[in-house]
Amino acid sequence: MTRTLAPAVRRIFTMTVAPLLITGFLISDAAAPAIADTGVTVSGTVTHETPPGDDPSAYLRINVALHPLFGSAEPKVVRALDDGTFAIHGVMPGRYRVHFSKIAPPPADYSAPTWWGGTPHESQARILEVGAQPVSGIDARLEIGSTISGVITYDPSNYNGTGGYLNAKASAFLFDHAIGEYERRGFRAVPDGGGNYTFRGLPPGTYTIRFGDSYDQQTTSTAYWDGADDLNASTPVEVAADQHLSGIDGVMRPGDGLQVGRIAGPDRFATAVEISRVGFPSGSEAVFIVNGLNFPDALGAAPAAARIGAPILLVTPNAIPDSVKTELARLDPATIFIVGGEVSVSLALEGHLRDDTTEVVRFGGIDRFETSRMVADYFWSATDNRTAYIATGLNFPDALSAAPAAANEHAPVVLVNGAASELDEATGSLLEQLGIEKVVVTGGESTVSAGVKASIDALLFLTESSRRSGPDRFETSLLTNRDSFRLADTAFLATGSTFPDALAGAALAGGSRTPIYLVHQDCVPSNVLPDIYRLGVRNVTLLGGESTLTNSVYQLKQC
């Protein structure tokens, strides 16, 4: 059975079919009110709970941060005065979230940070609209937070005799169930000489507790509560308001640094097969088939494959390599998704993929952009995501960097003509139809123009829009990972020079919520390793053989 999807069809992987109603998307063309270049003032008052017997003045050290929802500007931060009042000057028109947080040091019972609107979760914060007039009444109250405490010790059988647990730290990551992501800010606690640690000022919620190296150099092992060595196997810790939870202990072992491995075959087709074998040892209900010789149609496949937990295999336009045939037989999929038109993957090849037990679904638009929209429309709906990534379809690095980050946020990657002067109407309509509230543009103005970004910013249904870009593809990859991932056990390295290995790896990385860093053929950019340590990564896996990533990369030689 073969189905070629028209652009006016939405098909979620549950096999439910519904029509896509294309409507005109809304772009604001109203002129912004004229204001002085210095902006306006945002002010308010922040109060705090004080435990009985404590000195109220000890709680007056409070920071107020104004986070812009459009653009890439850093937040404006001020300290509230002793009476709790604050004023942030020079605020330009736009939309913002406001964060209130206690400044350490003591008292011992810290106030829990909060967003304007009384929530610990950034995604659920009340939005502040700033126009031409000063804004007042931005008030908040900090409550005394909960605590989590425990003891970090060394496994006696592995004790190195140097008091190694003193190099350890405990980290707590608050999980937002509404969007399925960790908050961008983690809590840190360093143990005392006896290994005792305490998190203070915690808002109520669900936490992942990780124990690792306080210097991010892996002199100690990384472990999770409750005795888990893997993030996915860790036991969440539920904390209620005003709760003091103890006994969340961690056992550490001497660290052995980063463990480096490689997934590779003799060519790009065989490498994709090896990635599939690693990620899907028991087979897969679905498989994506893409052209392994050219990138345009294939780029949108990675986040979709990650979303449903399926591998990507590569073919030529008219032939299926023997290694791919063998892997397809092993995977035994019920559905094969072909991403690309007949020029990318021929009808004859499609016929070879089809049999009585396998459904074949093709996404083939009139160009790479329509194909990308068709994939996004099929696998995402307005009820289960709020974010979309936008990348140019004229080149591959930024879209590949975005794929694991998008998968981590349950988001599609939609390809656009980055050289255009404005966003095309079809993409705007799709974003609105999918209920998108947040757009992340990956890549600088040389890849996605200022005009395209400006027309995205003007979409009235968006809550926020930002751009992640560095001076080159490697830095853009790093910044994308830095903004999207809070912790990870594994990181993948892929060449930034060609697309196949990173494409196939992105399906595996996205499914396991693991970052991919683009690197040079013979070295790792110097700022990549610090970011890997930040995440608590233990295992680094190279995607591709020595002709793609040399042994210098395997040895993590820095550029």
# chains A, B, ... in the order shown; residues from 1 in each chain; ligands from 1
>>> residues_around(residues="A:Gly205", least_positions_apart="6", cutoff="12 Å", atoms="only C-alpha atoms", output="count of residues only")
25
>>> select_by_dssp(residues="stretch 192-338 of chain A", states="strand (DSSP E or B)", output="ChimeraX atom specification")
/A:196-202,205-213,220,223-224,228,237-239,244-245,250-252,254,259-263,286-291,312-315,335-338
>>> closest_residue(among="A:Tyr533, A:Phe499, A:Phe295, A:Trp115", to="A:Arg268", atoms="only C-alpha atoms")
A:Phe499
>>> closest_atom_pairs(of="stretch 475-530 of chain A", to="stretch 378-397 of chain A", cutoff="10 Å", atoms="only C-alpha atoms", output="CSV")
residue,atom,partner,partner_atom,distance
A:Thr476,CA,A:Pro397,CA,8.9
A:Ser477,CA,A:Pro397,CA,8.1
A:Thr495,CA,A:Pro397,CA,9.4
A:Gly496,CA,A:Pro397,CA,6.3
A:Ser497,CA,A:Pro397,CA,8.0
A:Thr498,CA,A:Phe396,CA,8.1
A:Phe499,CA,A:Phe396,CA,6.5
A:Pro500,CA,A:Phe396,CA,9.9
A:Ala502,CA,A:Pro397,CA,9.0
A:Leu503,CA,A:Phe396,CA,9.3
A:Leu518,CA,A:Pro397,CA,8.0
>>> write_last_selection(atoms="C-alpha atoms", output="PDB file, in the first residue's frame")
ATOM      1  CA  THR A 476      25.765  27.643  16.545  1.00  0.00           C
ATOM      2  CA  SER A 477      25.668  23.924  17.357  1.00  0.00           C
ATOM      3  CA  THR A 495      31.360  16.225  11.372  1.00  0.00           C
ATOM      4  CA  GLY A 496      30.150  19.666  10.390  1.00  0.00           C
ATOM      5  CA  SER A 497      31.367  19.163   6.826  1.00  0.00           C
ATOM      6  CA  THR A 498      28.829  16.619   5.545  1.00  0.00           C
ATOM      7  CA  PHE A 499      25.305  15.680   6.544  1.00  0.00           C
ATOM      8  CA  PRO A 500      24.690  11.880   6.498  1.00  0.00           C
ATOM      9  CA  ALA A 502      24.736  13.626  11.808  1.00  0.00           C
ATOM     10  CA  LEU A 503      21.356  13.057  10.142  1.00  0.00           C
ATOM     11  CA  LEU A 518      29.295  19.496  15.218  1.00  0.00           C
TER      12      LEU A 518
END
>>> residues_around(residues="A:Lys325", least_positions_apart="6", cutoff="12 Å", atoms="only C-alpha atoms", output="PyMOL selection string")
chain A and resi 269-270+273+289+313-315+319+331-332+349+352-353
>>> closest_residue(among="A:Gly118, A:Gly279, A:Pro68, A:Pro404", to="A:Tyr96", atoms="only C-alpha atoms")
A:Pro68
>>> closest_residue(among="A:Ser149, A:Ser344, A:Thr548, A:Thr490", to="A:Asp230", atoms="only C-alpha atoms")
A:Thr490
>>> decode(residues="stretch 41-73 of chain A", atoms="N, CA and C atoms", output="compact mmCIF listing (two decimals), in the first residue's frame")
# COMPACT_ATOMS: atom_id res chain seq x y z
N THR A 41 10.19 52.65 32.30
CA THR A 41 10.53 52.04 33.59
C THR A 41 9.48 50.99 33.97
N VAL A 42 9.95 49.84 34.42
CA VAL A 42 9.09 48.78 34.97
C VAL A 42 9.38 48.70 36.46
N SER A 43 8.33 48.77 37.29
CA SER A 43 8.56 48.81 38.73
C SER A 43 7.54 47.95 39.47
N GLY A 44 7.86 47.66 40.71
CA GLY A 44 6.96 46.88 41.54
C GLY A 44 7.55 46.68 42.91
N THR A 45 6.98 45.75 43.65
CA THR A 45 7.42 45.46 45.01
C THR A 45 7.47 43.94 45.20
N VAL A 46 8.54 43.47 45.81
CA VAL A 46 8.66 42.05 46.12
C VAL A 46 8.75 41.90 47.63
N THR A 47 7.87 41.07 48.18
CA THR A 47 7.88 40.79 49.61
C THR A 47 8.34 39.36 49.83
N HIS A 48 8.49 38.99 51.10
CA HIS A 48 9.02 37.66 51.38
C HIS A 48 8.46 37.14 52.69
N GLU A 49 8.37 35.85 52.79
CA GLU A 49 7.99 35.19 54.04
C GLU A 49 9.21 35.13 54.95
N THR A 50 9.00 35.34 56.22
CA THR A 50 10.07 35.26 57.19
C THR A 50 9.73 34.24 58.26
N PRO A 51 10.55 33.22 58.46
CA PRO A 51 10.25 32.24 59.51
C PRO A 51 10.23 32.90 60.88
N PRO A 52 9.41 32.39 61.78
CA PRO A 52 9.33 32.97 63.13
C PRO A 52 10.71 33.02 63.79
N GLY A 53 11.03 34.18 64.36
CA GLY A 53 12.29 34.34 65.07
C GLY A 53 13.44 34.78 64.20
N ASP A 54 13.27 34.75 62.86
CA ASP A 54 14.35 35.20 61.98
C ASP A 54 14.30 36.71 61.81
N ASP A 55 15.45 37.27 61.48
CA ASP A 55 15.55 38.70 61.23
C ASP A 55 15.05 39.00 59.82
N PRO A 56 13.96 39.75 59.67
CA PRO A 56 13.42 40.03 58.33
C PRO A 56 14.43 40.70 57.40
N SER A 57 15.34 41.49 57.97
CA SER A 57 16.28 42.20 57.11
C SER A 57 17.23 41.26 56.38
N ALA A 58 17.38 40.03 56.89
CA ALA A 58 18.27 39.07 56.24
C ALA A 58 17.71 38.56 54.93
N TYR A 59 16.41 38.82 54.69
CA TYR A 59 15.76 38.31 53.49
C TYR A 59 15.61 39.38 52.41
N LEU A 60 16.25 40.51 52.58
CA LEU A 60 16.02 41.63 51.67
C LEU A 60 16.88 41.59 50.42
N ARG A 61 17.82 40.69 50.35
CA ARG A 61 18.70 40.62 49.18
C ARG A 61 17.98 39.82 48.08
N ILE A 62 17.27 40.53 47.22
CA ILE A 62 16.44 39.89 46.19
C ILE A 62 16.76 40.50 44.83
N ASN A 63 17.02 39.65 43.85
CA ASN A 63 17.23 40.08 42.48
C ASN A 63 15.93 39.99 41.69
N VAL A 64 15.73 40.94 40.79
CA VAL A 64 14.61 40.93 39.87
C VAL A 64 15.18 40.93 38.45
N ALA A 65 14.81 39.94 37.64
CA ALA A 65 15.35 39.81 36.29
C ALA A 65 14.21 39.89 35.27
N LEU A 66 14.40 40.70 34.25
CA LEU A 66 13.42 40.89 33.19
C LEU A 66 13.95 40.17 31.94
N HIS A 67 13.26 39.09 31.54
CA HIS A 67 13.72 38.25 30.42
C HIS A 67 12.91 38.57 29.17
N PRO A 68 13.55 39.09 28.11
CA PRO A 68 12.81 39.38 26.87
C PRO A 68 12.42 38.09 26.16
N LEU A 69 11.23 38.09 25.57
CA LEU A 69 10.72 36.91 24.87
C LEU A 69 10.97 36.98 23.37
N PHE A 70 11.44 38.10 22.88
CA PHE A 70 11.78 38.23 21.46
C PHE A 70 13.20 38.75 21.35
N GLY A 71 13.94 38.19 20.40
CA GLY A 71 15.34 38.56 20.25
C GLY A 71 16.22 37.71 21.14
N SER A 72 17.48 38.07 21.21
CA SER A 72 18.46 37.29 21.97
C SER A 72 19.14 38.11 23.06
N ALA A 73 18.50 39.21 23.47
CA ALA A 73 19.10 40.08 24.48
C ALA A 73 19.17 39.37 25.83
